[in-house]
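All remarks here apply to the structure that follows.
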Amino acid sequence: MKEVRVRIAPSPTGDPHVGTAYIALFNYAFAKHHNGKFLLRIEDTDRTRSTKESELQIFESLRWLGLDWDEGPDIGGNCGPYRQSERFDIYKKYAEELVEKGEAYYCFCTADRLDKLRERQKAMKKAPGYDGHCRSLSPEEVKAKLAAGESHVIRLKMPYEGDSIVKDGLRGEVKFENSKIDDQILLKSDGFPTYHLANVVDDHLMGITHVIRAEEWIASTPKHIQLYKAFGWEEPEWYHMPLLRNDDRSKISKRKNPVSLIYYREKGYLKEAMLNFLALMGWTLGDGKEIFTLEDMIKGFSFEKVSLGGPVFDLKKLGWLNASYIKSKDLSEIVDMAIPYLKKAGYVSENPSEKEMENIIKIVKIAREPAETISDIPSHAKVYFADEFELPKATEEMTEKEKKNIEKMYVTLQSETAKKAVELFMSKINQCEEEIAEETAKDLLHAVMEELGEGPGKVLMPLRVVLTGETRGPDLYTIINIIGKTRVIKRVENTIKKI
Ligand code: GLU
């Protein structure tokens, strides 16, 4: 087998899309499995919609995921340039070569004629399409029109009969009737290539052996196959991956799902979770194993394990995977990732001291447990940072049950037992050193319960509310240990004023 060479060919128009990462991942895994090469090519032939910013974001997002390319616009390679806007001369030369070979022709039809043609076809309930008007111009006519500077495009001569057969590695043979396929424009009147021409010329010149792309391109593949034939080039192997879908099974769209990789990165999804999730969209490792690494995927990769059912981009599943990676990854890495979010929440100083860092590590260790994303960590860590808080109040949006619970909380808070519990707790806290070990805090809380002869419901619950403003949360002794004596006292005094 010759060296495998595959590519991802995104158009830099807008935010980097999860679909790009999904297709890049499958190309990458296939290439690495076969010790082949993975290329990045920027398809920026649409000069009005392509932006440099979007191109940079594609680079950044794919690098974030670790899907590094072996050849590409920013790193070069033997088949460059890898940006289509820098290859316009090449496309023009190849389009003209096809005209010379009689496989393509100049078309001088004006926009006005094409509009009228379309209207006529519509009125006759015929499928819209070019009618081949300029296909039969004589060489003299063409010459004269070119000499007169008439505006023109170059079109491919599609066969009128027969089928184009896409041999898709995932779905077998897919037939397209040639008579239903238009004579494709290859070179536009401004001299710019169309997607079809640029894509095929580049895949050929860049030695692409396997085209792995989204299912939405399969309708273009017969046109590409005809182009390969017209040039006399060998076609690559084709694999059209199932499309990612919204919950309602429509093609994934930003109206129904966030689709930008930047969104997921900023929200604090881990690259490992993102890759694992995207892999699961079209593939399984086998044995029902849902959590696996990129290395596992590379090692076990084969197209036989790709399933064609339209995978639903299920944010709950992604959240579940992310939570599990957040829990299992090295704590120090999670701390590093969480710090910018904690700083933004105002919980961590710009240059945390060693002591502060010790606390941050303790806090992140606990707060990562319930977190679904890194950006969730501050809300789960709030209880350790916010010394000023309001007590919960019943609101309109609450259910009856929630309202009742709040009422109950106030009743408990105002009970004699609660008052005694707070007093006793404070007198014991006052005797402590500034740093209160978890064990000491645990003993202290037990002693309060024992001396009052009451259980957690009557003692710990009010203490929790007084200390945190919440009825639920992490273990009280952990909170006491993390915030220390001074802040415990400050919090209790603050809350008592509010009751
Ligand atoms: N430029 C196309 C895209 O944006 C490439 C499709 C293909 O892989 O052929 O996805």
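Ordering of the structure tokens sets the chain letters (A, B, ...), residue numbers begin anew at 1 in every chain, and ligands are numbered from 1 in the order given.
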
Contacts with ligand 1 at most 8 Å, only C-alpha atoms and all ligand atoms counted, listed as a ChimeraX atom specification: /A:7-12,20,42-44,195,199,211-214,217

With a distance cut-off of 12 Å and only C-alpha atoms, select the neighbouring residues of Met337 (chain A), excluding the residue or stretch itself and same-chain residues fewer than 6 positions from it, and output the selection as a ChimeraX atom specification. /A:265-271,326,329-331,343,360-361,364,368,373-378

How would the residues just picked look written out with C-alpha atoms as a tab-separated table (two decimals), in the first residue's frame?
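Wrote it out as part_25.tsv, contents follow:
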chain	number	residue	atom	x	y	z
A	265	ARG	CA	-12.96	25.60	24.79
A	266	GLU	CA	-14.00	28.71	26.69
A	267	LYS	CA	-16.70	26.85	28.59
A	268	GLY	CA	-14.00	24.57	29.91
A	269	TYR	CA	-14.60	21.37	28.01
A	270	LEU	CA	-11.45	19.28	28.05
A	271	LYS	CA	-9.89	18.42	24.74
A	326	ILE	CA	-12.47	16.42	35.04
A	329	LYS	CA	-7.36	13.99	35.23
A	330	ASP	CA	-4.34	15.05	37.30
A	331	LEU	CA	-5.49	17.49	39.94
A	343	LYS	CA	-9.63	34.81	38.97
A	360	ILE	CA	-6.95	26.66	45.89
A	361	ILE	CA	-5.75	23.10	45.40
A	364	VAL	CA	-10.55	22.60	43.33
A	368	ARG	CA	-14.25	19.46	40.51
A	373	THR	CA	-17.12	21.99	32.88
A	374	ILE	CA	-14.12	23.89	34.20
A	375	SER	CA	-16.17	27.07	34.06
A	376	ASP	CA	-18.58	25.47	36.57
A	377	ILE	CA	-15.84	25.22	39.17
A	378	PRO	CA	-16.22	28.77	40.57

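When DSSP reads the backbone of this structure, the residues of region 112-209 of chain A it assigns to strand (DSSP E) are A:Val153, A:Ile154, A:Arg155, A:Leu156, A:Asp163, A:Ser164, A:Ile165, A:Val166, A:Lys167, A:Asp168, A:Gly172, A:Glu173, A:Val174, A:Lys175, A:Phe176, A:Glu177, A:Ile185, A:Leu186, A:Leu187.
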
Residue subset to file, keeping C-alpha atoms, as a PDB file, in the first residue's frame:
ATOM      1  CA  VAL A 153     -16.645  30.846 -17.565  1.00  0.00           C
ATOM      2  CA  ILE A 154     -15.215  27.372 -18.175  1.00  0.00           C
ATOM      3  CA  ARG A 155     -17.603  24.437 -17.821  1.00  0.00           C
ATOM      4  CA  LEU A 156     -16.974  20.706 -17.593  1.00  0.00           C
ATOM      5  CA  ASP A 163     -24.010   6.799 -14.397  1.00  0.00           C
ATOM      6  CA  SER A 164     -21.276   8.092 -12.199  1.00  0.00           C
ATOM      7  CA  ILE A 165     -20.645   5.553  -9.510  1.00  0.00           C
ATOM      8  CA  VAL A 166     -19.219   6.640  -6.188  1.00  0.00           C
ATOM      9  CA  LYS A 167     -17.525   3.687  -4.554  1.00  0.00           C
ATOM     10  CA  ASP A 168     -17.933   4.790  -0.990  1.00  0.00           C
ATOM     11  CA  GLY A 172     -20.819   0.732  -1.078  1.00  0.00           C
ATOM     12  CA  GLU A 173     -21.684   1.888  -4.595  1.00  0.00           C
ATOM     13  CA  VAL A 174     -23.808   5.020  -4.856  1.00  0.00           C
ATOM     14  CA  LYS A 175     -25.121   5.725  -8.374  1.00  0.00           C
ATOM     15  CA  PHE A 176     -25.792   9.139  -9.869  1.00  0.00           C
ATOM     16  CA  GLU A 177     -27.347   9.567 -13.323  1.00  0.00           C
ATOM     17  CA  ILE A 185     -18.568  25.649 -13.815  1.00  0.00           C
ATOM     18  CA  LEU A 186     -14.885  25.075 -13.127  1.00  0.00           C
ATOM     19  CA  LEU A 187     -13.515  28.574 -13.563  1.00  0.00           C
TER      20      LEU A 187
END

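Ranking A:His33, A:Lys254, A:Glu100, A:Asp74 by their shortest atom-to-atom distance to His17 (chain A), with only C-alpha atoms included, puts A:Lys254 first.
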
Need the shell around Phe108 (chain A): protein/DNA/RNA residues with any atom at most 10 Å away, counting only C-alpha atoms. Skip same-chain ones fewer than 6 positions apart. Format as a PyMOL selection string? chain A and resi 133-134+137+142+145-146+150-154+189

Write out, as a short mmCIF file (atom, residue, chain, number, x, y, z; two decimals), in the first residue's frame, the residues just selected, with all heavy atoms.
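Contents of the output file out_27.cif:
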data_model
loop_
_atom_site.label_atom_id
_atom_site.label_comp_id
_atom_site.auth_asym_id
_atom_site.auth_seq_id
_atom_site.Cartn_x
_atom_site.Cartn_y
_atom_site.Cartn_z
N HIS A 133 -25.83 25.24 -24.02
CA HIS A 133 -25.87 26.17 -25.15
C HIS A 133 -24.49 26.40 -25.78
O HIS A 133 -24.34 26.36 -27.01
CB HIS A 133 -26.48 27.50 -24.66
CG HIS A 133 -26.62 28.53 -25.71
ND1 HIS A 133 -25.72 29.55 -25.87
CD2 HIS A 133 -27.55 28.70 -26.69
CE1 HIS A 133 -26.10 30.31 -26.87
NE2 HIS A 133 -27.22 29.82 -27.39
N CYS A 134 -23.47 26.64 -24.97
CA CYS A 134 -22.14 26.98 -25.52
C CYS A 134 -21.27 25.76 -25.81
O CYS A 134 -20.14 25.91 -26.27
CB CYS A 134 -21.40 27.92 -24.57
SG CYS A 134 -22.15 29.54 -24.45
N LEU A 137 -20.37 25.55 -29.54
CA LEU A 137 -19.77 26.67 -30.29
C LEU A 137 -18.55 26.16 -31.08
O LEU A 137 -17.80 25.33 -30.58
CB LEU A 137 -19.29 27.77 -29.33
CG LEU A 137 -20.36 28.59 -28.59
CD1 LEU A 137 -19.69 29.59 -27.65
CD2 LEU A 137 -21.27 29.33 -29.58
N VAL A 142 -15.60 30.67 -30.68
CA VAL A 142 -14.98 30.85 -29.36
C VAL A 142 -13.84 31.87 -29.47
O VAL A 142 -13.74 32.79 -28.65
CB VAL A 142 -14.46 29.50 -28.81
CG1 VAL A 142 -13.62 29.71 -27.56
CG2 VAL A 142 -15.63 28.56 -28.53
N LYS A 145 -15.10 35.41 -29.80
CA LYS A 145 -15.67 35.94 -28.56
C LYS A 145 -14.57 36.27 -27.54
O LYS A 145 -14.64 37.30 -26.86
CB LYS A 145 -16.66 34.93 -27.95
CG LYS A 145 -18.02 34.91 -28.64
CD LYS A 145 -18.88 33.82 -28.03
CE LYS A 145 -20.23 33.70 -28.73
NZ LYS A 145 -21.14 34.81 -28.42
N LEU A 146 -13.59 35.39 -27.48
CA LEU A 146 -12.48 35.65 -26.54
C LEU A 146 -11.74 36.92 -26.96
O LEU A 146 -11.41 37.77 -26.13
CB LEU A 146 -11.51 34.46 -26.51
CG LEU A 146 -11.99 33.20 -25.78
CD1 LEU A 146 -10.93 32.10 -25.89
CD2 LEU A 146 -12.31 33.48 -24.31
N GLU A 150 -15.29 39.01 -24.45
CA GLU A 150 -16.58 38.67 -23.82
C GLU A 150 -16.37 37.91 -22.50
O GLU A 150 -15.52 37.03 -22.41
CB GLU A 150 -17.41 37.80 -24.78
CG GLU A 150 -18.26 38.62 -25.72
CD GLU A 150 -19.21 37.75 -26.52
OE1 GLU A 150 -19.86 36.85 -25.95
OE2 GLU A 150 -19.29 37.98 -27.76
N SER A 151 -17.16 38.26 -21.54
CA SER A 151 -17.06 37.60 -20.22
C SER A 151 -17.44 36.12 -20.36
O SER A 151 -18.36 35.77 -21.08
CB SER A 151 -18.03 38.32 -19.27
OG SER A 151 -18.14 37.58 -18.09
N HIS A 152 -16.68 35.27 -19.70
CA HIS A 152 -16.93 33.83 -19.87
C HIS A 152 -16.56 33.02 -18.62
O HIS A 152 -15.82 33.50 -17.76
CB HIS A 152 -16.12 33.31 -21.06
CG HIS A 152 -14.64 33.53 -20.87
ND1 HIS A 152 -14.01 34.68 -21.31
CD2 HIS A 152 -13.69 32.78 -20.29
CE1 HIS A 152 -12.72 34.62 -21.00
NE2 HIS A 152 -12.51 33.48 -20.36
N VAL A 153 -17.07 31.81 -18.59
CA VAL A 153 -16.65 30.85 -17.56
C VAL A 153 -16.14 29.61 -18.30
O VAL A 153 -16.29 29.52 -19.53
CB VAL A 153 -17.83 30.44 -16.64
CG1 VAL A 153 -18.41 31.65 -15.93
CG2 VAL A 153 -18.93 29.70 -17.41
N ILE A 154 -15.56 28.67 -17.56
CA ILE A 154 -15.22 27.37 -18.18
C ILE A 154 -16.08 26.31 -17.51
O ILE A 154 -16.19 26.26 -16.28
CB ILE A 154 -13.71 27.04 -18.03
CG1 ILE A 154 -12.89 28.03 -18.87
CG2 ILE A 154 -13.42 25.59 -18.45
CD1 ILE A 154 -11.38 27.79 -18.83
N SER A 189 -16.14 33.68 -14.00
CA SER A 189 -15.80 34.76 -14.94
C SER A 189 -14.69 35.67 -14.39
O SER A 189 -13.98 36.30 -15.15
CB SER A 189 -17.04 35.58 -15.28
OG SER A 189 -17.60 36.08 -14.09
#

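When only C-alpha atoms are used to measure the gap to Glu493 (chain A), the shortest distance among A:Thr293, A:Lys122, A:Ala144, A:Met426 belongs to A:Met426.
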
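Take the candidates A:Asp287, A:Asp115, A:Asp183, A:Glu235 and check each one against Lys305 (chain A) using only C-alpha atoms; the shortest distance goes to A:Asp287.
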
Excluding region 448-462 of chain A and its own-chain neighbours fewer than 2 positions away, which residues fall within 8 Å of it when counting only C-alpha atoms? Please give them as a PyMOL selection string. chain A and resi 409+412-413+417-418+420-421+424-425+444-446+464-466+471

Contact residues around Asp202 (chain A) with only C-alpha atoms at 12 Å, ignoring same-chain residues under 3 positions, as an NGL selection string: :A and (6-9 or 39-43 or 79-88 or 90-91 or 94 or 193 or 195-199 or 205-209 or 211 or 224 or 228 or 236)

C-alpha atoms of the current selection, written as a compact mmCIF listing (two decimals), in the first residue's frame:
# COMPACT_ATOMS: atom_id res chain seq x y z
CA VAL A 6 -5.42 12.50 3.88
CA ARG A 7 -6.51 16.06 4.48
CA ILE A 8 -8.96 18.34 6.15
CA ALA A 9 -9.98 21.19 3.87
CA LEU A 39 -2.64 17.63 5.73
CA LEU A 40 -4.42 20.88 6.37
CA ARG A 41 -5.55 22.83 3.33
CA ILE A 42 -7.39 26.11 3.55
CA GLU A 43 -10.14 26.37 0.95
CA CYS A 79 3.00 20.24 -2.02
CA GLY A 80 2.42 23.87 -1.07
CA PRO A 81 1.11 26.42 -1.07
CA TYR A 82 -1.68 24.96 1.09
CA ARG A 83 -3.97 27.96 0.82
CA GLN A 84 -6.13 27.90 -2.28
CA SER A 85 -6.06 31.67 -2.71
CA GLU A 86 -2.33 31.29 -3.41
CA ARG A 87 -2.91 28.71 -6.14
CA PHE A 88 -5.19 30.52 -8.58
CA ILE A 90 -2.59 26.51 -11.04
CA TYR A 91 -6.38 26.14 -11.32
CA TYR A 94 -5.65 23.06 -15.39
CA PRO A 193 -11.96 28.45 -9.48
CA TYR A 195 -14.89 24.40 -5.14
CA HIS A 196 -15.08 21.40 -7.49
CA LEU A 197 -12.10 22.32 -9.61
CA ALA A 198 -9.85 23.55 -6.81
CA ASN A 199 -10.70 20.60 -4.58
CA LEU A 205 -1.43 17.46 -6.71
CA MET A 206 -1.17 16.89 -2.97
CA GLY A 207 -1.25 13.13 -3.45
CA ILE A 208 -4.40 12.58 -1.39
CA THR A 209 -5.13 8.86 -1.29
CA VAL A 211 -10.97 11.56 0.89
CA HIS A 224 -15.34 15.09 -8.91
CA TYR A 228 -10.63 12.85 -12.40
CA PRO A 236 -8.82 8.67 -4.34

Could you pull the residues within 10 Å of Trp233 (chain A), counting only C-alpha atoms, minus those fewer than 6 positions along the same chain, as JSON, numbers by chain? {"A": [200, 201, 204, 225, 227]}
